[in-house]
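Asker: This one is my_file.txt, compact mmCIF, C-alpha atoms.
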```
# COMPACT_ATOMS: atom_id res chain seq x y z
CA MET A 1 -30.26 15.04 5.17
CA LYS A 2 -30.15 18.67 4.16
CA LYS A 3 -33.11 20.58 2.80
CA GLY A 4 -32.73 22.33 -0.54
CA TYR A 5 -34.84 24.11 -3.12
CA LEU A 6 -35.33 24.21 -6.85
CA VAL A 7 -36.39 27.74 -7.73
CA LEU A 8 -37.75 28.53 -11.19
CA ALA A 9 -37.19 31.84 -12.97
CA ASP A 10 -40.92 32.62 -12.65
CA GLY A 11 -40.64 32.38 -8.84
CA GLN A 12 -42.12 28.91 -8.26
CA VAL A 13 -40.33 27.00 -5.48
CA PHE A 14 -39.98 23.22 -5.12
CA PRO A 15 -38.51 21.90 -1.86
CA GLY A 16 -36.45 18.75 -1.78
CA THR A 17 -33.42 17.11 -0.19
CA ARG A 18 -29.86 17.92 -1.23
CA PHE A 19 -27.39 15.26 -2.32
CA GLY A 20 -24.15 15.23 -4.27
CA GLY A 21 -22.10 18.44 -4.36
CA GLU A 22 -22.68 21.20 -1.85
CA ALA A 23 -22.45 24.04 -4.36
CA GLY A 24 -25.42 25.95 -5.65
CA ALA A 25 -26.20 26.10 -9.35
CA VAL A 26 -28.00 28.23 -11.91
CA GLY A 27 -28.83 26.66 -15.27
CA GLU A 28 -31.42 25.98 -17.93
CA LEU A 29 -33.86 23.38 -16.58
CA VAL A 30 -34.59 20.58 -19.07
CA PHE A 31 -36.23 17.18 -18.72
CA THR A 32 -35.22 13.85 -20.22
CA THR A 33 -37.57 10.89 -20.47
CA GLY A 34 -35.13 7.96 -20.52
CA MET A 35 -36.04 5.07 -18.20
CA CYS A 36 -32.38 4.07 -18.08
CA GLY A 37 -29.10 5.53 -19.34
CA TYR A 38 -28.64 8.10 -16.59
CA VAL A 39 -24.87 7.42 -16.64
CA GLU A 40 -24.73 8.35 -20.32
CA THR A 41 -26.95 11.38 -19.68
CA LEU A 42 -24.73 12.71 -16.92
CA THR A 43 -21.60 12.31 -19.07
CA ASP A 44 -23.07 13.67 -22.32
CA PRO A 45 -21.34 17.04 -22.97
CA SER A 46 -24.48 18.23 -24.79
CA TYR A 47 -26.04 18.97 -21.38
CA ALA A 48 -23.47 21.69 -20.60
CA GLY A 49 -25.07 24.68 -18.88
CA GLN A 50 -28.24 22.79 -17.98
CA ILE A 51 -29.91 21.40 -14.87
CA VAL A 52 -31.19 17.96 -15.85
CA LEU A 53 -34.54 16.68 -14.58
CA GLN A 54 -35.20 12.93 -14.91
CA THR A 55 -38.86 12.08 -15.50
CA TYR A 56 -38.34 8.43 -14.57
CA PRO A 57 -38.91 8.27 -10.78
CA LEU A 58 -36.04 6.05 -9.53
CA ILE A 59 -32.49 6.96 -10.55
CA GLY A 60 -29.22 5.34 -9.48
CA ASN A 61 -30.34 1.74 -8.95
CA TYR A 62 -27.54 0.22 -11.06
CA GLY A 63 -24.88 2.63 -9.86
CA ILE A 64 -22.18 4.41 -11.82
CA ILE A 65 -20.35 2.45 -14.53
CA PRO A 66 -17.20 4.27 -15.76
CA GLU A 67 -16.99 2.10 -18.89
CA ASP A 68 -20.28 3.66 -20.04
CA PHE A 69 -19.17 7.29 -19.74
CA GLU A 70 -19.82 9.22 -22.95
CA GLY A 71 -17.51 12.11 -22.05
CA THR A 72 -16.91 14.50 -19.18
CA CYS A 73 -19.80 15.61 -16.97
CA HIS A 74 -20.82 19.22 -17.66
CA VAL A 75 -24.34 19.36 -16.19
CA LYS A 76 -24.99 22.27 -13.80
CA GLY A 77 -27.31 20.28 -11.53
CA TYR A 78 -29.39 17.11 -11.26
CA VAL A 79 -33.02 16.68 -10.11
CA VAL A 80 -34.75 13.34 -9.45
CA ARG A 81 -37.84 12.07 -7.71
CA GLU A 82 -36.03 9.30 -5.81
CA ARG A 83 -32.32 8.50 -5.73
CA CYS A 84 -31.02 5.04 -4.94
CA GLY A 85 -28.22 5.08 -2.36
CA HIS A 86 -27.44 1.35 -2.52
CA PRO A 87 -27.14 0.25 -6.16
CA SER A 88 -26.90 -3.38 -7.26
CA ASN A 89 -25.14 -4.31 -10.49
CA PHE A 90 -22.15 -6.52 -11.29
CA ARG A 91 -20.59 -3.66 -13.32
CA CYS A 92 -21.19 -1.02 -10.65
CA GLY A 93 -18.15 1.14 -9.88
CA GLY A 94 -19.72 3.62 -7.48
CA ASN A 95 -22.99 5.31 -6.63
CA LEU A 96 -24.77 8.41 -7.89
CA GLU A 97 -24.15 10.36 -4.69
CA GLY A 98 -20.39 9.86 -4.92
CA PHE A 99 -20.30 10.69 -8.64
CA LEU A 100 -21.97 14.06 -8.11
CA LYS A 101 -20.05 14.85 -4.92
CA GLU A 102 -16.69 14.15 -6.55
CA ARG A 103 -17.54 16.71 -9.27
CA ASN A 104 -19.26 19.16 -6.87
CA ILE A 105 -22.47 18.99 -8.89
CA PRO A 106 -25.54 19.71 -6.76
CA GLY A 107 -28.39 17.23 -6.77
CA LEU A 108 -31.91 17.43 -5.40
CA TYR A 109 -34.32 14.57 -4.73
CA GLY A 110 -37.80 14.24 -3.24
CA VAL A 111 -39.06 16.74 -5.81
CA ASP A 112 -42.37 16.46 -7.67
CA THR A 113 -40.78 15.79 -11.06
CA ARG A 114 -44.14 15.12 -12.74
CA GLN A 115 -45.41 18.58 -11.89
CA LEU A 116 -42.12 20.15 -13.01
CA THR A 117 -42.33 18.31 -16.33
CA ARG A 118 -45.85 19.60 -16.89
CA ILE A 119 -44.69 23.14 -16.19
CA ILE A 120 -41.86 22.89 -18.73
CA ARG A 121 -44.14 21.31 -21.34
CA GLU A 122 -46.68 24.11 -20.97
CA SER A 123 -44.39 27.10 -20.40
CA GLY A 124 -41.26 25.94 -22.23
CA VAL A 125 -37.72 25.49 -21.02
CA MET A 126 -36.87 27.98 -18.28
CA ASN A 127 -33.96 28.84 -16.02
CA ALA A 128 -33.77 27.49 -12.48
CA CYS A 129 -31.41 27.24 -9.53
CA ILE A 130 -30.61 24.66 -6.86
CA CYS A 131 -29.99 26.39 -3.53
CA ASP A 132 -30.14 26.11 0.26
CA GLU A 133 -32.12 29.34 0.71
CA VAL A 134 -34.75 30.76 -1.63
CA PRO A 135 -33.27 33.93 -3.19
CA ARG A 136 -35.22 37.16 -2.93
CA ASP A 137 -33.70 38.55 -6.10
CA LEU A 138 -34.25 36.37 -9.20
CA THR A 139 -32.21 38.55 -11.57
CA ALA A 140 -29.37 36.02 -11.86
CA LEU A 141 -31.92 33.34 -12.74
CA GLN A 142 -33.82 35.39 -15.27
CA THR A 143 -30.73 36.67 -17.09
CA TYR A 144 -28.79 33.40 -17.27
CA ALA A 145 -28.02 32.11 -20.76
CA VAL A 146 -26.16 29.03 -22.02
CA THR A 147 -23.25 30.54 -23.96
CA GLY A 148 -19.69 29.57 -24.87
CA VAL A 149 -20.35 25.91 -24.14
CA VAL A 150 -18.81 24.32 -27.25
CA GLU A 151 -15.46 25.90 -26.35
CA ALA A 152 -15.89 24.64 -22.78
CA VAL A 153 -16.53 20.98 -23.65
CA THR A 154 -14.35 20.32 -26.72
CA ARG A 155 -11.07 18.44 -26.45
CA LYS A 156 -8.16 20.87 -26.27
CA ALA A 157 -5.73 18.89 -28.45
CA PRO A 158 -6.01 16.30 -31.25
CA LEU A 159 -6.36 12.65 -30.24
CA VAL A 160 -6.01 9.59 -32.48
CA TYR A 161 -8.02 6.39 -32.01
CA GLY A 162 -7.04 3.34 -34.03
CA ALA A 163 -9.49 1.18 -35.95
CA GLN A 164 -10.62 -2.19 -34.68
CA GLY A 165 -8.82 -4.61 -36.96
CA GLU A 166 -7.57 -3.43 -40.35
CA THR A 167 -7.64 0.33 -40.96
CA ARG A 168 -9.79 0.97 -44.01
CA PHE A 169 -10.51 4.68 -43.65
CA GLN A 170 -9.16 7.79 -41.95
CA VAL A 171 -11.89 9.95 -40.40
CA ALA A 172 -11.50 13.44 -38.96
CA LEU A 173 -14.02 14.03 -36.15
CA LEU A 174 -14.64 17.65 -35.20
CA ASP A 175 -15.43 17.60 -31.49
CA TYR A 176 -18.19 20.01 -30.49
CA GLY A 177 -18.93 17.83 -27.44
CA ALA A 178 -18.59 14.40 -29.03
CA LYS A 179 -19.99 11.29 -27.36
CA ASN A 180 -17.48 8.47 -27.11
CA ASN A 181 -19.77 6.01 -28.84
CA ILE A 182 -19.46 7.93 -32.11
CA ILE A 183 -15.78 7.03 -32.04
CA ARG A 184 -16.55 3.40 -31.14
CA GLU A 185 -19.04 3.00 -34.00
CA LEU A 186 -16.48 4.31 -36.49
CA GLN A 187 -13.72 2.10 -35.08
CA LYS A 188 -15.92 -1.00 -35.44
CA ARG A 189 -16.19 -0.23 -39.15
CA GLY A 190 -12.45 -0.07 -39.74
CA CYS A 191 -12.04 3.68 -39.30
CA ALA A 192 -9.07 5.28 -37.58
CA VAL A 193 -10.45 8.43 -35.97
CA THR A 194 -8.57 11.69 -35.39
CA VAL A 195 -10.56 13.80 -32.94
CA LEU A 196 -9.96 17.52 -33.48
CA PRO A 197 -10.82 20.52 -31.28
CA ALA A 198 -13.86 22.54 -32.33
CA ASP A 199 -11.73 25.53 -33.37
CA THR A 200 -9.61 23.56 -35.85
CA PRO A 201 -9.38 25.45 -39.20
CA ALA A 202 -10.80 23.72 -42.27
CA GLU A 203 -7.38 23.83 -43.92
CA THR A 204 -5.92 21.78 -41.07
CA VAL A 205 -8.79 19.29 -41.20
CA LEU A 206 -8.31 18.71 -44.92
CA SER A 207 -4.50 18.82 -44.96
CA SER A 208 -4.19 15.30 -43.55
CA GLY A 209 -6.26 13.90 -46.43
CA PRO A 210 -9.11 12.29 -44.46
CA ASP A 211 -11.45 9.92 -46.27
CA GLY A 212 -14.36 11.53 -44.46
CA VAL A 213 -15.28 14.17 -41.88
CA MET A 214 -17.63 13.66 -38.91
CA LEU A 215 -19.31 16.57 -37.16
CA SER A 216 -20.27 15.66 -33.61
CA ASN A 217 -23.08 16.46 -31.25
CA GLY A 218 -22.67 19.30 -28.77
CA PRO A 219 -24.42 21.83 -26.52
CA GLY A 220 -25.91 25.28 -26.89
CA ASP A 221 -27.33 27.50 -29.61
CA PRO A 222 -25.93 26.41 -32.99
CA ALA A 223 -26.06 29.94 -34.44
CA GLU A 224 -23.58 31.10 -31.79
CA ASN A 225 -20.80 29.05 -33.40
CA VAL A 226 -20.00 31.44 -36.25
CA TYR A 227 -16.38 30.31 -36.70
CA GLN A 228 -17.30 26.63 -36.83
CA ILE A 229 -20.00 27.35 -39.43
CA GLN A 230 -17.45 29.15 -41.60
CA GLN A 231 -15.08 26.17 -41.44
CA ILE A 232 -17.83 23.73 -42.41
CA GLN A 233 -18.57 25.87 -45.47
CA LYS A 234 -14.96 25.30 -46.57
CA ILE A 235 -15.20 21.53 -45.99
CA LEU A 236 -18.56 20.87 -47.67
CA GLY A 237 -18.13 19.18 -51.04
CA LYS A 238 -14.44 18.38 -50.51
CA VAL A 239 -14.84 15.01 -48.73
CA PRO A 240 -17.79 12.87 -47.55
CA LEU A 241 -19.34 14.40 -44.44
CA PHE A 242 -21.66 13.03 -41.74
CA GLY A 243 -23.11 15.27 -39.02
CA ILE A 244 -24.97 14.31 -35.84
CA CYS A 245 -27.15 16.59 -33.65
CA LEU A 246 -25.25 19.90 -33.35
CA GLY A 247 -23.25 18.80 -36.40
CA HIS A 248 -26.58 18.52 -38.27
CA GLN A 249 -27.58 22.04 -37.23
CA LEU A 250 -24.21 23.62 -38.03
CA THR A 251 -24.17 22.01 -41.49
CA ALA A 252 -27.62 23.43 -42.23
CA LEU A 253 -26.45 26.90 -41.16
CA ALA A 254 -23.32 26.52 -43.31
CA ALA A 255 -25.59 25.65 -46.24
CA GLY A 256 -27.63 28.83 -45.79
CA GLY A 257 -30.42 27.41 -43.64
CA ARG A 258 -31.97 28.52 -40.36
CA THR A 259 -32.33 27.03 -36.88
CA TYR A 260 -34.78 27.86 -34.10
CA LYS A 261 -35.28 26.99 -30.45
CA LEU A 262 -37.85 24.35 -29.55
CA LYS A 263 -40.33 24.94 -26.74
CA TYR A 264 -38.92 22.19 -24.53
CA GLY A 265 -36.65 20.18 -26.85
CA HIS A 266 -36.37 16.47 -27.53
CA ARG A 267 -34.52 14.59 -24.80
CA GLY A 268 -34.87 10.87 -24.19
CA ALA A 269 -34.57 7.46 -25.79
CA ASN A 270 -38.02 7.12 -27.37
CA GLN A 271 -38.38 9.79 -30.08
CA PRO A 272 -40.13 8.40 -33.21
CA VAL A 273 -38.54 9.42 -36.52
CA ARG A 274 -40.07 8.74 -39.96
CA ASP A 275 -37.85 7.85 -42.90
CA LEU A 276 -39.27 10.06 -45.67
CA GLY A 277 -37.61 7.92 -48.33
CA GLY A 278 -39.22 4.69 -47.16
CA VAL A 279 -41.93 3.28 -44.92
CA ARG A 280 -40.03 2.82 -41.64
CA THR A 281 -40.43 4.75 -38.39
CA TYR A 282 -37.44 4.41 -36.07
CA ILE A 283 -37.31 4.90 -32.32
CA THR A 284 -34.33 7.14 -31.60
CA SER A 285 -32.27 8.63 -28.81
CA GLN A 286 -32.23 12.45 -28.83
CA ASN A 287 -30.91 15.37 -26.83
CA HIS A 288 -31.34 18.82 -28.33
CA GLY A 289 -33.13 22.09 -27.71
CA TYR A 290 -32.85 23.54 -31.24
CA ALA A 291 -34.09 22.34 -34.62
CA VAL A 292 -33.39 23.02 -38.28
CA ASP A 293 -36.00 24.68 -40.50
CA GLY A 294 -35.88 22.06 -43.24
CA ASP A 295 -37.53 24.33 -45.83
CA SER A 296 -34.73 26.89 -45.40
CA VAL A 297 -32.00 24.55 -46.72
CA THR A 298 -32.40 24.87 -50.48
CA CYS A 299 -29.38 22.73 -51.42
CA GLY A 300 -30.50 19.81 -49.26
CA ARG A 301 -33.55 17.57 -48.95
CA VAL A 302 -35.22 16.53 -45.71
CA SER A 303 -34.66 12.79 -45.17
CA PHE A 304 -36.20 12.21 -41.72
CA ALA A 305 -39.01 13.91 -39.78
CA ASN A 306 -40.12 13.65 -36.16
CA ALA A 307 -43.36 11.68 -36.03
CA ASN A 308 -44.60 13.69 -33.02
CA ASP A 309 -44.16 17.28 -34.14
CA GLY A 310 -42.97 17.04 -37.77
CA THR A 311 -39.64 18.78 -37.14
CA CYS A 312 -36.68 18.13 -39.42
CA GLU A 313 -34.64 15.12 -38.23
CA GLY A 314 -32.27 14.67 -41.16
CA LEU A 315 -30.95 16.27 -44.34
CA ASP A 316 -29.22 14.87 -47.42
CA TYR A 317 -26.90 17.00 -49.57
CA PRO A 318 -26.39 14.84 -52.69
CA GLY A 319 -24.34 17.42 -54.55
CA LEU A 320 -22.00 17.85 -51.58
CA ARG A 321 -21.59 14.17 -50.59
CA ALA A 322 -22.93 14.98 -47.13
CA PHE A 323 -25.79 13.92 -44.90
CA THR A 324 -26.78 14.80 -41.34
CA VAL A 325 -29.26 13.66 -38.69
CA GLN A 326 -30.68 15.33 -35.60
CA PHE A 327 -30.99 12.12 -33.57
CA HIS A 328 -28.22 9.87 -32.19
CA PRO A 329 -27.53 6.76 -34.29
CA GLU A 330 -24.73 5.82 -31.86
CA ALA A 331 -27.52 5.52 -29.27
CA ARG A 332 -25.77 5.26 -25.91
CA GLY A 333 -28.08 4.97 -24.12
CA GLY A 334 -31.04 4.11 -26.25
CA PRO A 335 -32.24 2.00 -29.18
CA GLN A 336 -29.78 1.09 -31.92
CA ASP A 337 -32.31 1.12 -34.78
CA THR A 338 -30.37 3.67 -36.83
CA ALA A 339 -26.78 2.47 -36.42
CA PHE A 340 -26.90 1.63 -40.14
CA LEU A 341 -26.22 5.32 -40.82
CA PHE A 342 -22.56 4.70 -39.95
CA ASP A 343 -22.55 2.05 -42.68
CA ARG A 344 -24.01 4.66 -45.01
CA PHE A 345 -21.12 6.97 -44.18
CA VAL A 346 -18.63 4.18 -44.91
CA ASP A 347 -20.33 3.54 -48.27
CA LEU A 348 -20.04 7.23 -49.07
CA MET A 349 -16.31 7.12 -48.31
CA LYS A 350 -16.04 4.12 -50.66
CA GLY A 351 -17.38 6.31 -53.45
CA GLY A 352 -21.08 5.49 -53.20
CA ASP A 353 -23.95 7.93 -53.70
CA LEU A 354 -26.63 9.24 -51.37
```
Could you show the structure in this file as structure tokens?
Answerer:
Amino acid sequence: MKKGYLVLADGQVFPGTRFGGEAGAVGELVFTTGMCGYVETLTDPSYAGQIVLQTYPLIGNYGIIPEDFEGTCHVKGYVVRERCGHPSNFRCGGNLEGFLKERNIPGLYGVDTRQLTRIIRESGVMNACICDEVPRDLTALQTYAVTGVVEAVTRKAPLVYGAQGETRFQVALLDYGAKNNIIRELQKRGCAVTVLPADTPAETVLSSGPDGVMLSNGPGDPAENVYQIQQIQKILGKVPLFGICLGHQLTALAAGGRTYKLKYGHRGANQPVRDLGGVRTYITSQNHGYAVDGDSVTCGRVSFANANDGTCEGLDYPGLRAFTVQFHPEARGGPQDTAFLFDRFVDLMKGGDL
């Protein structure tokens, strides 16, 4: 066992034990509250540039299951209270230690994750590093910023995924860091999905005549993606459009709205979301550090709101045949309460109204 440290940008030091990759790491420290789903968390491209802290105390007990990967692992580091070295599960294909070591991602366990979570909740998200020796100079920590991450995580070439059963619709999915279960949910509904790199021009997206366009989740500050916002402006109103997470934020910016950074974000599988057009409150899976100012989008109407803090969780654009949500209706891992939104997208492609 090798001693290591988690050092915060404000100078606080948390000792622990190293596991996984031997490299050091600097990143934005964020916490996620999921009790399970750590495999999906580690392989969610939306965590690019971040050190992930799990609030649930025991991580790794059912091992690593490759069939559940949501994408490629882009986390900068991983912090847990206790890591399980001997998992037990009939689907297990490896352990957490081996997963991190193979990708040279540093992990730290034996850390007081409850205290760290309190610090982030009170002070807000802050930068941190995982290291073997506490650095005297914290400049690298204090100046670090998550930038250029959409370009880092997007697929580099188009990929086509066939529908399950009869092909009813052709969907173009712009990949800003797309989770694989978005593709699976579309395939189950008879959609053939063409996944396109994030820098694909709008003219190319529309030239193939898709029945609908999906905008995926992804990492980083949405306002940084100026080119992508410009392309969405050209797509809006041309074909039915459905955006998730970063796709929700980019659509709002393309429609003239504003986004802002949350104090510590929404990350976990238990975020309550109110349907403003009905009486239901859904429990949702979320992973984002930015939110849309719903009042700033004059051509859209807020459809969902977070029951905890009132932030905008969804927008409808009736005149543009588009709708977006901040949460994850594909929900891997997490509750599947809102998977019906994929059916809503299919209805829109059939010619239905919002």
Asker: Name the closest residue to Val239 (chain A) among the candidates A:Cys191, A:Leu341, A:Ala152, A:Leu348; distances are taken between atoms, counting all atoms listed in the file.
Answerer: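 The closest residue to Val239 (chain A) is A:Leu348.
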Asker: Using all atoms listed in the file, find the one residue out of A:Ile229, A:Cys312, A:Val193, A:Val292 that sits nearest to Tyr176 (chain A).
Answerer: A:Ile229
Asker: Calculated over only C-alpha atoms, which of the candidates A:Cys299, A:Val273, A:Ala9, A:Arg155 has the smallest distance to Ile119 (chain A)?
Answerer: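 Looking at the shortest contact to Ile119 (chain A), the residue is A:Ala9.
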Asker: Could you check which of A:Thr251, A:Gln286, A:Ser123, A:Thr113 is closest to Leu58 (chain A), using all atoms listed in the file?
Answerer: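 Looking only at the distances to Leu58 (chain A), the closest residue turns out to be A:Thr113.
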Asker: Write out as a PDB file with C-alpha atoms, in the coordinates of the input each polymer residue whose atoms come within 12 Å of Pro210 (chain A), counting only C-alpha atoms; drop sequence neighbours fewer than 5 positions from it.
Answerer:
```pdb
ATOM      1  CA  ARG A 168      -9.790   0.970 -44.010  1.00  0.00           C
ATOM      2  CA  PHE A 169     -10.510   4.680 -43.650  1.00  0.00           C
ATOM      3  CA  GLN A 170      -9.160   7.790 -41.950  1.00  0.00           C
ATOM      4  CA  VAL A 171     -11.890   9.950 -40.400  1.00  0.00           C
ATOM      5  CA  ALA A 172     -11.500  13.440 -38.960  1.00  0.00           C
ATOM      6  CA  LEU A 173     -14.020  14.030 -36.150  1.00  0.00           C
ATOM      7  CA  CYS A 191     -12.040   3.680 -39.300  1.00  0.00           C
ATOM      8  CA  ALA A 192      -9.070   5.280 -37.580  1.00  0.00           C
ATOM      9  CA  VAL A 193     -10.450   8.430 -35.970  1.00  0.00           C
ATOM     10  CA  THR A 194      -8.570  11.690 -35.390  1.00  0.00           C
ATOM     11  CA  VAL A 195     -10.560  13.800 -32.940  1.00  0.00           C
ATOM     12  CA  ALA A 202     -10.800  23.720 -42.270  1.00  0.00           C
ATOM     13  CA  GLU A 203      -7.380  23.830 -43.920  1.00  0.00           C
ATOM     14  CA  THR A 204      -5.920  21.780 -41.070  1.00  0.00           C
ATOM     15  CA  VAL A 205      -8.790  19.290 -41.200  1.00  0.00           C
ATOM     16  CA  ILE A 235     -15.200  21.530 -45.990  1.00  0.00           C
ATOM     17  CA  LYS A 238     -14.440  18.380 -50.510  1.00  0.00           C
ATOM     18  CA  VAL A 239     -14.840  15.010 -48.730  1.00  0.00           C
ATOM     19  CA  PRO A 240     -17.790  12.870 -47.550  1.00  0.00           C
ATOM     20  CA  LEU A 241     -19.340  14.400 -44.440  1.00  0.00           C
ATOM     21  CA  MET A 349     -16.310   7.120 -48.310  1.00  0.00           C
TER      22      MET A 349
END
```
Asker: For CA of Thr284 (chain A) and CA of Phe327 (chain A), quote the distance in Å rounded to one decimal.
Answerer: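 That distance, rounded to one decimal, is 6.3 Å.
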Asker: Can you pull out every residue within 6 Å of region 78-84 of chain A, counting all atoms listed in the file, but drop anything in the same chain fewer than 6 positions away, and send it as a list in words?
Answerer: Ile51, Val52, Leu53, Gln54, Pro57, Leu58, Ile59, Gly60, Asn61, Gly107, Leu108, Tyr109, Gly110, Val111 and Thr113 of chain A
Asker: Just C-alpha atoms for this one: save the residues we selected as a compact mmCIF listing (two decimals), keeping the file's coordinate frame.
Answerer:
```txt
# COMPACT_ATOMS: atom_id res chain seq x y z
CA ILE A 51 -29.91 21.40 -14.87
CA VAL A 52 -31.19 17.96 -15.85
CA LEU A 53 -34.54 16.68 -14.58
CA GLN A 54 -35.20 12.93 -14.91
CA PRO A 57 -38.91 8.27 -10.78
CA LEU A 58 -36.04 6.05 -9.53
CA ILE A 59 -32.49 6.96 -10.55
CA GLY A 60 -29.22 5.34 -9.48
CA ASN A 61 -30.34 1.74 -8.95
CA GLY A 107 -28.39 17.23 -6.77
CA LEU A 108 -31.91 17.43 -5.40
CA TYR A 109 -34.32 14.57 -4.73
CA GLY A 110 -37.80 14.24 -3.24
CA VAL A 111 -39.06 16.74 -5.81
CA THR A 113 -40.78 15.79 -11.06
```
Asker: Show me, as a PyMOL selection string, the residues that have an atom within 10 Å of Thr33 (chain A) when counting only C-alpha atoms, minus same-chain residues fewer than 2 positions from it.
Answerer: chain A and resi 31+35-36+53-56+117+266-271
Asker: Quick one: residues within 9 Å of region 68-76 of chain A, all atoms listed in the file counted, chain neighbours fewer than 4 positions away excluded, as a ChimeraX atom specification?
Answerer: /A:24-28,39-52,64,103,105-106,152-153,177-181,332-333
Asker: Taking into account all atoms listed in the file, which residue in the set A:His86, A:Gly77, A:Gly37, A:Thr281 is nearest to Gly334 (chain A)?
Answerer: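 Under the stated criterion, the closest residue is A:Gly37.
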Asker: To one decimal place, how far is CA of Ala145 (chain A) from CA of Glu313 (chain A) in Å?
Answerer: 25.3 Å
Asker: Give me the residues near Gly300 (chain A) as number ranges by chain, where near means some atom within 9 Å (using all atoms listed in the file) and where sequence neighbours in that chain fewer than 4 positions away do not count.
Answerer: A: 252, 255, 294, 315-319, 323
Asker: Rounded to one decimal place, report the CA of Leu96 (chain A)-CA of Gly63 (chain A) distance in Å.
Answerer: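 Straight-line distance from CA of Leu96 (chain A) to CA of Gly63 (chain A) works out to 6.1 Å.
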Asker: I'd like to know which of A:Leu8, A:Leu116, A:Met1, A:Leu196 is closest to Gln142 (chain A), using all atoms listed in the file.
Answerer: A:Leu8
Asker: List as number ranges by chain the residues having at least one atom at most 7 Å from position (-35.6, 8.9, -40.5) as given in the file, counting all atoms listed in the file.
Answerer: A: 273-276, 281-282, 303-305, 313-314
Asker: Find the residues with any atom within 6 Å of (-10.4, 0.5, -37.4); use only C-alpha atoms and the coordinates as given in the file, and write the answer as a list in words.
Answerer: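 I get Gly162, Ala163, Gln164, Gly165, Glu166, Thr167, Gln187, Gly190, Cys191 and Ala192 of chain A for the residues within 6 Å of that point.
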Asker: How close does each residue of region 279-345 of chain A get to region 242-246 of chain A, giving the shortest atom pair and distance in Å to one decimal for every residue with an atom at most 7 Å away, counting all atoms listed in the file, sorted by chain and residue number, as JSON lines?
Answerer:
```
{"residue": "A:Ala322", "atom": "CA", "partner": "A:Phe242", "partner_atom": "CA", "distance": 5.9}
{"residue": "A:Phe323", "atom": "CA", "partner": "A:Phe242", "partner_atom": "CA", "distance": 5.3}
{"residue": "A:Thr324", "atom": "CA", "partner": "A:Gly243", "partner_atom": "CA", "distance": 4.4}
{"residue": "A:Val325", "atom": "CA", "partner": "A:Ile244", "partner_atom": "CA", "distance": 5.2}
{"residue": "A:Gln326", "atom": "CA", "partner": "A:Cys245", "partner_atom": "CA", "distance": 4.2}
{"residue": "A:Phe327", "atom": "CA", "partner": "A:Cys245", "partner_atom": "CA", "distance": 5.9}
{"residue": "A:His328", "atom": "CA", "partner": "A:Ile244", "partner_atom": "CA", "distance": 6.6}
{"residue": "A:Phe345", "atom": "CA", "partner": "A:Phe242", "partner_atom": "CA", "distance": 6.6}
```
